[in-house]
Every structure is written in C-alpha cells, then in structure tokens.
Number of protein chains: 2
Amino acid sequence: MLESFKDICVHLLRVMALILKFLFLLYFFPILSSPHQDDHPLDPLTPLEFDQIRTIIKSSHVNPTLNVSFHYIGLDDPDKHTLLSWLSNPATTTKPPRRAFIIARVNHTTHEIVVDLTSHSIVSNQIYTGHGYPLLTFEEQIAADMLPRSYAPFRTSISKRGLKLEEVVCGSFTVGWYGSKDKPKRVVTVMCYYLDGTVNLYMRPIEGITVWVDLEKPKIIGYRDRIMVPVPKASGTDYRESEQKPPLGPKMNRITVLQPDGPGFDIEGHAVRWANWKFHVSFDARIGPIIALASIYDHEKNDYRSVLYRGYVSELFVPYMDLTQEWYYRTFFDAGEYGFGLSATSLEPLRDCPENARYLDGYIAGQDGISVKIANLFCIFERYSGDIMWRHTELGIPGRVVTEVRPEVSLVVRMVSTVGNYDYIVDWEFKRGGSIKATVGLTGLLEVRGVKYTHADQIEEEVYGTLLAENTLGAHHDHFLTYHLDLDIDGETNSFVKANLQTTKVADNSSPRKSYWKVVRETAKIESDARIRLGSKPAQLLIVNPHKKTKVGNPFGYRLIHGASVGSLLSEDDYAQIRGAFTNYNIWVTPYNKSEKWAGGRYTDQSHGDDTLAMWSLRNRDIENKDIVLWYTLGFRHVPCQEDFPLMPTLSDGFELRPNNFFESNPVLKVRPQDYSSPNCSS
Amino acid sequence: MLESFKDICVHLLRVMALILKFLFLLYFFPILSSPHQDDHPLDPLTPLEFDQIRTIIKSSHVNPTLNVSFHYIGLDDPDKHTLLSWLSNPATTTKPPRRAFIIARVNHTTHEIVVDLTSHSIVSNQIYTGHGYPLLTFEEQIAADMLPRSYAPFRTSISKRGLKLEEVVCGSFTVGWYGSKDKPKRVVTVMCYYLDGTVNLYMRPIEGITVWVDLEKPKIIGYRDRIMVPVPKASGTDYRESEQKPPLGPKMNRITVLQPDGPGFDIEGHAVRWANWKFHVSFDARIGPIIALASIYDHEKNDYRSVLYRGYVSELFVPYMDLTQEWYYRTFFDAGEYGFGLSATSLEPLRDCPENARYLDGYIAGQDGISVKIANLFCIFERYSGDIMWRHTELGIPGRVVTEVRPEVSLVVRMVSTVGNYDYIVDWEFKRGGSIKATVGLTGLLEVRGVKYTHADQIEEEVYGTLLAENTLGAHHDHFLTYHLDLDIDGETNSFVKANLQTTKVADNSSPRKSYWKVVRETAKIESDARIRLGSKPAQLLIVNPHKKTKVGNPFGYRLIHGASVGSLLSEDDYAQIRGAFTNYNIWVTPYNKSEKWAGGRYTDQSHGDDTLAMWSLRNRDIENKDIVLWYTLGFRHVPCQEDFPLMPTLSDGFELRPNNFFESNPVLKVRPQDYSSPNCSS
C-alpha cells in the first residue's frame, strides 16, 4: 500500500515535472509558436508551389489545347501592412495569404494571373493590352538562336565569309522602341558569333548580319546582310584554365579563411541571423536577390529595430553608344527583358565564395512552368579582410599609452547574375556597426564589334569605341543599376532629408574667419523635392523617423553614402532614355506602393516608357512622414580598354546605408576583440 | 709520386670547380652585384644615420652651447634622374649621394641643413626667414601641455569649475594665420581636458579657457577664461575593453586568415616583391608612408614596367566649421604641423592587421636628434576578402556550360597615424591585375565642444555641430588628404588626358537614336588645363605615355578612378583656405620638381599660403609630354552623429589607379586558381 502510494507520488511528480518543462519551454521559447521556417510569407516560391501554379492554371482557366508559356512566376508580395502586423503578432493576427503573380502568354496574349496557393484557386486573370512585352524565356531565345542555321540566306552569308556553319552560335537581342506608333510583334534580333577554337564567342562577332525573329512563331521575319567585316581571330580569346599556355601566373602562396568553430550565422529556411542582425533573403526570377526585414538588435533598447523592409536591384539599364545599324538599338534592360534572377548562375565553391561560405539553392520556372533548380544560388559568408572596425591609440595622458583596436568582420550575401556576356556580382554586406553595404562587381565579357581595323591609326571615322585587338572594337556603354530601398527606420513612417552643406560667408568681421559651412536641413515634402542628380550640390542624404528621437533629441536616421556620381548622359527625349527614364536622377523617393516594384515598368521589352518610376513620380505625391521608398541608381561608364580583353577584371561600385543618430552611441563599442590567430594546422 | 700527382690533379679540379661555380653565380645571380639590401637610396634614415647627423651638426657647424632642436630630419631625396640611371645600370653609373635634409631651430632661428652622409659633412646650411614655422616636436608640445598646471590663473579656473587639477590633461593646438602682417611668435594654444574616470580625454573638454604658449621659451604668454560650460560627464566615454559593462557583443565565431605555406611576398630591406609587383616602401616623419618605384612584371614584354615612381599623402587639411572664439582657428595641417609620420603608431598584431601580416619597424628622430624606434610601424599582408578577380559563366554554346572564376588576392601595406584624437588608417593595395588602390580609414575620437545643452530642443543659436550626448557637441569639419602621385607610366615622360564623355545629339535623322556620348580626349598642355573640381563634368582621367603604344595603337595609360567628389567649401579668400589652397581643386598636375613635395608648403605652421601647390601651379608650366606629378585630393565631410560617440567607427574612402591600355590584354587571364581550401586544423 505504502509502496503503491510512493509509486503514485513518483508518477505524479514526473507528470508535474513534464508540465513544468512544457510551460518553461512555452515561456522561454516563444519562437516555437512563431511561423515555421519553411513558410515565411516572403519566401520564394518552392518547386511544389511552381507545380501547383502550373496545375491550377493549366486545369482551371485555360483551355489545355491553347499555347501557354510562362514568362514570369513570382511571389505576389503580401501587403506590407498585413505582413508586418502578422509578424509582430502571429498568434492573434491573420497570416497574409500566399499568392503568386504570373505573367503568361496564352494564345499570343499577355495574361496577368494571380493564384492563391492556399485556396488553390485563380484570384484574377487579366489580359494586358498596353505597350511592351514580358520577360523573354530561355526556351524561346534558344529556339530563335537556332533558326539562322537552317535559313538559306544566312547559310549563304556564312559561306560567303568562308566560315564553318557548325562553329556558329547565336544569341537573341531585344530591339527596344524607337518611336513607332504601330503595335509591334514580339521580335528579337539574332546576332551570331564564331567559335572555331575558342569558347569566347563574344569576342568573335560575325558582323553585318541581322536576323529578325518573331518569337511567337518562332520564325525569321527579316534578314539583312549589310557589310562584310573580318571576324576577329580566336587566338588569345579563350579564358579557360585548360587553354592557357605558359608563362602562367603570377604565382601565389595559398590563402584561405578559417573558422575553427564554424560560421557564426544561422540560416533557418531563408531567415538569417548573424551577430546583431537578422534578415530574410529571397529570390525572384526578374530581380534576383531580395533582402527583406533587415533589423538590428539594440542592446540599449533590448530589441530588434527595423532598418530595411526590402532592398533589391529593381532594374538595370545598359545603353550602348554605337549608332551603327546593327548596334544602335542595344539599350538593354537586364531585369525587365532578360531576368536578373533568371540569369543567376550556380556559384563555384572556393572560387566564387571563400571556404567558410554556406550556400542556398534557388528555383526558377521554365517556360512550361516546371521548376528548375539553381544549385548554390546564394552564398553567405563572414568576411574578415583585415580591415579595422575602430581603433585609437592615446598618447595624450602623461605616462600612459592606451591602444584599443577592433577588427572588422562583416557578413556577405552574394549572388551572381550572368546576363549573356556580362557577369554581375551582387553583394549585400552587413556590418555590426549598423551599416548595410551594397556592392556590384562587373566582370565577364564585353560586347565587341567586329571592324576592319587592325591599328588605331587606320581609324578616321567615329567608331564609338576602343580598338582592343585586331578587328575588335569595345563599344562605349553604361551600366545603371537602380536599387529599390524600402527603408523603415525604426518603423514605417519616415521622411527624406537633404542636409545641404552651405558655404556661409562671415561678413560682419565677427570672426577672423571669412567662411564656414553650415548644415541646412530640407525635408522633402513631395516627390519632386527628392529627385537628385548627384554631384551637383554638397549634401548628406538621410532617411529619418520624424517620430522617434534619441535621448538628446536627434531623429533616428540612416544616411546614404553613395559611390561615384554617375548618371545617364543620353538626352531625355531619346527613346532609350524615355524607357530608362528612371535613370534621369540618381535619387528618387516615392511613397510605398505595392505595385511600384520594377523601375522600368512591368513590360519592359519594347516598352514606351509609360510605366517607369519617372512616370509614377510625376504624380508628385506627399512623401513627408510616410512609408517611403528610396531609389538609388549607381552607374558605370565603360570606355573599354585592352585590359578588358578578352575578359574584363572586376570593376566595382556600391553604396552604404549607415546609421546616423539611429543609436544613442557607437553600437560596437562593447565588441570584444576575438581570437584572430589560427589553430594548429597541417596541410 | 703518382699519388702526389693525383693529389695535385684533385686539388686543381677542385679549384676549377670553385672558379666555375663562382662564374656561374656571377652569371646567373646578377642580383649579387646590385645594391645591398640595406642601402637602397630611397631607404629611410637609419638610427646610425640619425646619430651621424646629430654628431655632424652638433660638432661642426653649430656652437654646442647654442640651443638646437631638430624639427625635421628626413632623407634628402636623391635626384630622380640620377637615381633611375643608377638603378637601371648600377655597375657603370654613380650611385646618388646619400644625404639628409634637416630643419632645425638653432638659437630661435630656422635652419635648413643638408648633410652628406657619405662624406660626413654639411653640404649647406641656410637660415629661413620667410613665413611659417616647421613641424612641432613632441617634446615641445609636452612641455607646453605641462605649463597650465603650475599657472595660478589656470589653477583658479579649474578650482572655480570644481575640478581636480590632477585629472586635467592638456594638448597643444596650432593657431593658424588670420591675416596679421606681423611676424608672429612660435605659439600654440593649449586646450585642456578632464579624465576623472575615463581615458577618453577628448570627450571631456574644459571649455572656455585658452592658454597661449610661446613654444620657444616655453612660457605662457596669454590667458583667457571666457565662459564656464559644464564638462561632459565621463560615463559612457571609455572605450577600453576592461571598462565595458555587459551586455557585451555582439558575439562572433572565430575567424582568421591562413597561409599554410607562409606569405607569398619577400621583403629585402625595404624592397617588397609580391606576385607580379615590386616596389619600395619607405617612411618619413612628415608624410608617413611612401611607396616608390612600383613596377609590374609584364609576361608579354618579359620585363618589369614602371607605374609609380613615388606616392604618398603629401598633406592633410582639417578645417573645423565652428566660429566660436576657442574654435575658429582650428584648421589643422596634420602633416605640416604635427607630422603624419611622427604621429605613426605601433600596430597591434592580430587586431590592426591579420595573422598572416609581416611587420616593419621605423625610426623617427626626437627633438634632440636621437632616434626613436616605432615597432610594427608597417604591416604587409595578403588580403583575400572573398572577392572575385574575374569570372564568367557561358551558357550560350548549345550543350555546354563553361564556368571560370579567379578569386581576388591582393597585397596591402598599412600604416596608422594617430594625430592627437584622430586615427588615420593608410592602406596601399596592389592587385595582380595592375591596380594600385589607396584607401584611408578615419577612426578614433572626435573633437567635441563642451556646451550647456542637454537636448537638441534647447538649441536656438548656430552651434556648428551635432549634439552627441549631454553637453557634448560634435563640431562640423572636413578632412582632405592630398596625395602626391608621381606616376611614371612605362617611363618618365607622360601626359595627362581628360577623356571627356560628351553627350552628342543626332540631329540629322541618320539614326533612330537621338543621342549618344562620345569620348573627346583633351591632353593637358599647361598646368591650368589639369585643375579639376570633380563632379562638374563627366570625364575619365588618364596618365598616358605618349611615346609608347600597344600593338593596336593605344597609348599606354593608367586611369584614376576616384571616390566621392568632395572639395573644400570654404571661400577662396578665407585665410585657412589660402593656406590650404591645394584643396581648391581635387586634381592638379605639375611637372616633376624635386622641391615640390609638400602641398602645404615647407613651413605650414602659421603659414601664409605663399608656398603651396596652388602657388607653384600659378607658373602654369608645360605638362604635356613631361615627367609629371598627379595630385589628388580626397575628402570627407564630417557632420558627426551619435554613432561617432564616444569613438567613431571607421569611415573609408580611396581611389584606384587602374591600367588602361597599359597591357596588351587582361594581365590576369593566365592566373591559375589556387587551392583556397584549408588544411586540417585543430584548435
């Protein structure tokens, strides 16, 4: 009896212990009740979801006998306010619906379809009849590229040039819009190149031939063989390791990055936590990498504070400056026409990213809607480049020397997009001091024009480029990348402030000085107040939260530290510039609007420029004390030089978003120096 | 006998073998006959040489009873042409004489002395009677800083403020020149700070008191206690690791750089060889680090080709924008007044530089001429930050994927100069692709002004700064660093070319395009052609060798890729700006002139601006097809923010000198990818 009572007691105690343990877990690990890692509302679409979308569209609304091709499938962004409400209180708020936005060509018409993935239904299906066409698919480009080979006039042209057809490869080029009022066909030009001893096709253009292809058939609808120009030779163009002949080099000793305890970040699904940062990394076929919900932990406030709701490269504009007949229309929009995400490449471990990197895969949909995996789409790594986060040596105190130094270690998220010839390295870097740095590196292959010249002295006409090698002209061009930066500085309601540095004369002999500069702050009230061509006026550019101030009364803010001030030099009435009018200024600020996502407009191929950031901004909306978006355009002017031949070394630029009275004081003052020495190693 | 003959034969054979070995060495190691590592003509002065100089001056020309203080002792640069001749043919050419240039105050007069170290004699000794004074010595600053403590009115001021005298420390500030025509004394103001619980003296100014000290006596010659302002509190200002209270962090996993086979560079004396680069690194008390004779190996030409004869930070100009009586004159020249090299600090291994760094010591002379060692003055390390040197993924060839990637590894030479409160991190970075990047990082402590305000809302007057904490105002200021870049692009005779990118309208309907930009090259003929305020006009800036062209006819060149375009905003007639007139433009080009070394003039303290780069350049000399020097000024505008309190996170800017038709093609195409994975390690 006693024994049995003891048993019951022990049992009861065990049950109580379990209950306590459960309550303990419930209390201390609220994360358990937060959304599961696999279904963050901002996660990119999964292969399963791509399948669902395809099935739903194919089965329910569209006659399966019709020709359906998917030009864009992406997440239909949840409403920002709904998402933020749910994230701050997932228990009692409704989760935003999971939806996809699809642009499909159905029977040669553009459809905009919204699919609800929770209810497995089509929410809307609208036909688009305006200007412009959606993203080109890979499949239709490949189909177009194959057409010339079996086209008799092209075969004649090749044979006339003494070239071997089997060594010819072709690529599809968007044709732009040059003022025509007719509704054009979905057409590309196909330009061809010669291999025959190299893989560097871009250095061997077969100049003078233009093939127009109707993508919808697909069918050649125009052909011109205008001039014969020598094809630049293959020798010296191959960049493969296997093809290099001695002397190789220069030689280097081995170097690597070591983290004996592993990387210091966590990835759960697409959510990353590192040091004082947390953020979400996503991917889209059109715009590539998306950083979202970046917030930083503030020890003083014992909480994470929002910085960047979403940041991404919204559009790229790459106008060439060559007016010859085969070149004048080359004014590309790499996101809206080719897909900056579609063009993403698998990263090579130990080469594209250091040894301590971790990788994330990604998925795009083919033209048939079936998902395709891009392995190693992103890499994430901690960077220690030997830089110093802060330091000071104090010699001013008699009899003492004080030296304190903290090395800089940051976190990098990288993706590479290879849009045909060019490789764009897109980095987002997070620093413990609160900065977010965005850097883009340009490498890969130039677009060169074949010319008759073998020496610069022979050139007497305007050739629009630099002679890089015999018969090889590197055409002048620009690259503009327009970043969408939806900053939420400690909350959604922000203002844009130009802190103008104004030279002030001291006229009244009140000081031995005759001048100084003062800060004249100007808060942008409407959109036109915030359009800025950089370089024109000394100013610091800030996004502030007008409602929240530091203890001593400065509004919380972040500052944009921009790189070189490069803007488009095309005249504003030029058709290409009308389409790329979002580069008329380096800076724009707009009120948040879910639909204003792609600076070049939804349908960029053959667009008329009636749906760009520049047009949206004409409404001149209020932007003071609103949820605002900063658009920043960085640019590269490319006057090619021989070092860019046959493959260009990386050229980088970027910008930094740096806290400015966001923290009460230096947020990394209390960072303890780590052990930066290596453990024992044997090679 | 036979035995003996055999012995002789063996002996003879041995002797012959030795002779052959010697001849072999002579033939294959011509380096043996080149100058010994310890006596490169550009090497900084050695401790032995400092001793020699002191002995020579004290004993031969100067009455030993006179008061002699050494304000500058540096290498008297060998004539460039003589040096280059000797370097190219050391066997048959005379080695340039080894000389030192000394600025000494002898019996309160400034002497310029040239000492020949080979002949142990004084070559010249001239008295300088013009405007301005030499560098301040540490010793005289320390002597000046100690004076207030025993000065009764100062003691009264301290006691009146309720402060403890033993917690007061002081610093010497140069006073500039504000138009007076009188010959001024060598005077500084001494400003004092309060410790009492912190080592961060700069955050605790004792405002309102100015002490004028005649450095030559040294003696207080003026005193003013104008206003009483609360001394900002100590709490939150200390930056020492030992003083930080939890929560510390954010925490990090360990990270280090590993080179299992050691670093890939060689240092012989002050000559560095790494990958395809070789250069000389030197040090000077006034200007700090000097990179010289940087040349790059060209496999095509099978030879080293010159790029940079000498590069260094020639002067720094740091004007504050605060017009109050204790602040208006704070317009510092950190090289010419305080010594950018004199202020160099010993680098902390594993913190200031990564584990794979190697260090060089340096020497400065004290006021008495005796050498003082600065251990770990330079660090040199290979940087692998995870960046990509070049890459491409080719998907355009049916049925194939080609991916080639080469990681970027560069070589960094670093020095840190702590000029009082500010720490400047000066990096010179060499890339295998031919680029030289110069970067400067600003960190350390702000100069703050004590104010009565504890909240921004209380401020109704112009305060010239940002309230950073209670009673602590971060004053607006700029930092300008003017680099002297004596580029020798494959030889001494070069030209400066502005490649203007000019928007060109297409008026004649010859193209569907309405505009493009073309490159309009403008070779600067005289100095005024090359004065440029950046940001005003789109252009690429090149130094070219007009005599040497690539095979296809482009002149060999290097391009300056500048950072943010920041220039001085002071009016040109302002006295500080007259003294800092070398910042009137970001770019200047001058013909090489041995004496035009220090952009702010030889005697910067209390200078009148009659010996600056701006004055030299008024001669408007020919610069086309000459040995020319490029002067580039980079700037930081500093509107302090709370994150800069109590110590500012590093803010960086820099520029790149990048080959532009210098090579026939991409010079790193043949770089083999290394093994970037780590060996087995145990921590």
# chains A, B, ... in the order shown; residues from 1 in each chain; ligands from 1

call {"tool": "residues_around", "arguments": {"residues": "Asn660 in chain B", "least_positions_apart": "4", "cutoff": "6 Å", "atoms": "only C-alpha atoms", "output": "MDAnalysis selection string"}}
result
(chainID A and resid 641) or (chainID B and resid 557:559)

call {"tool": "residues_around", "arguments": {"residues": "Leu534 in chain B", "least_positions_apart": "3", "cutoff": "8 Å", "atoms": "only C-alpha atoms", "output": "list in words"}}
result
Lys537, Ser565, Val566, Gly567, Tyr585, Asn586 and Ile587 of chain B

call {"tool": "closest_residue", "arguments": {"among": "A:Ile290, A:Ile623, A:Leu258, A:Val463", "to": "chain B", "atoms": "only C-alpha atoms"}}
result
A:Leu258

call {"tool": "select_by_dssp", "arguments": {"residues": "range 199-294 of chain B", "states": "helix (DSSP H, G or I)", "output": "ChimeraX atom specification"}}
result
/B:201-203,241-243

call {"tool": "closest_residue", "arguments": {"among": "B:Ala143, B:Ile127, B:Lys498, B:Val409", "to": "Pro250 in chain A", "atoms": "only C-alpha atoms"}}
result
B:Val409

call {"tool": "closest_residue", "arguments": {"among": "A:Ile561, A:Val506, A:Val520, A:Leu569", "to": "chain B", "atoms": "only C-alpha atoms"}}
result
A:Leu569

call {"tool": "closest_residue", "arguments": {"among": "A:Leu442, A:Leu542, A:Ile578, A:Val281", "to": "Trp428 in chain A", "atoms": "only C-alpha atoms"}}
result
A:Val281

call {"tool": "select_by_dssp", "arguments": {"residues": "range 524-559 of chain B", "states": "strand (DSSP E)", "output": "list in words"}}
result
Ala539, Gln540, Leu541, Leu542, Ile543, Val544, Asn545, Pro546, His547, Lys548, Lys549, Pro555, Phe556, Gly557, Tyr558 and Arg559 of chain B

call {"tool": "residues_around", "arguments": {"residues": "Asp322 in chain B", "least_positions_apart": "6", "cutoff": "7 Å", "atoms": "only C-alpha atoms", "output": "list of chain:residue names"}}
result
B:Tyr328, B:Tyr464, B:Ala475

call {"tool": "residues_around", "arguments": {"residues": "range 89-106 of chain A", "least_positions_apart": "5", "cutoff": "9 Å", "atoms": "only C-alpha atoms", "output": "ChimeraX atom specification"}}
result
/A:33-35,41-42,45,49,53,62,66-79,82-84,111-118,123,134-135,367
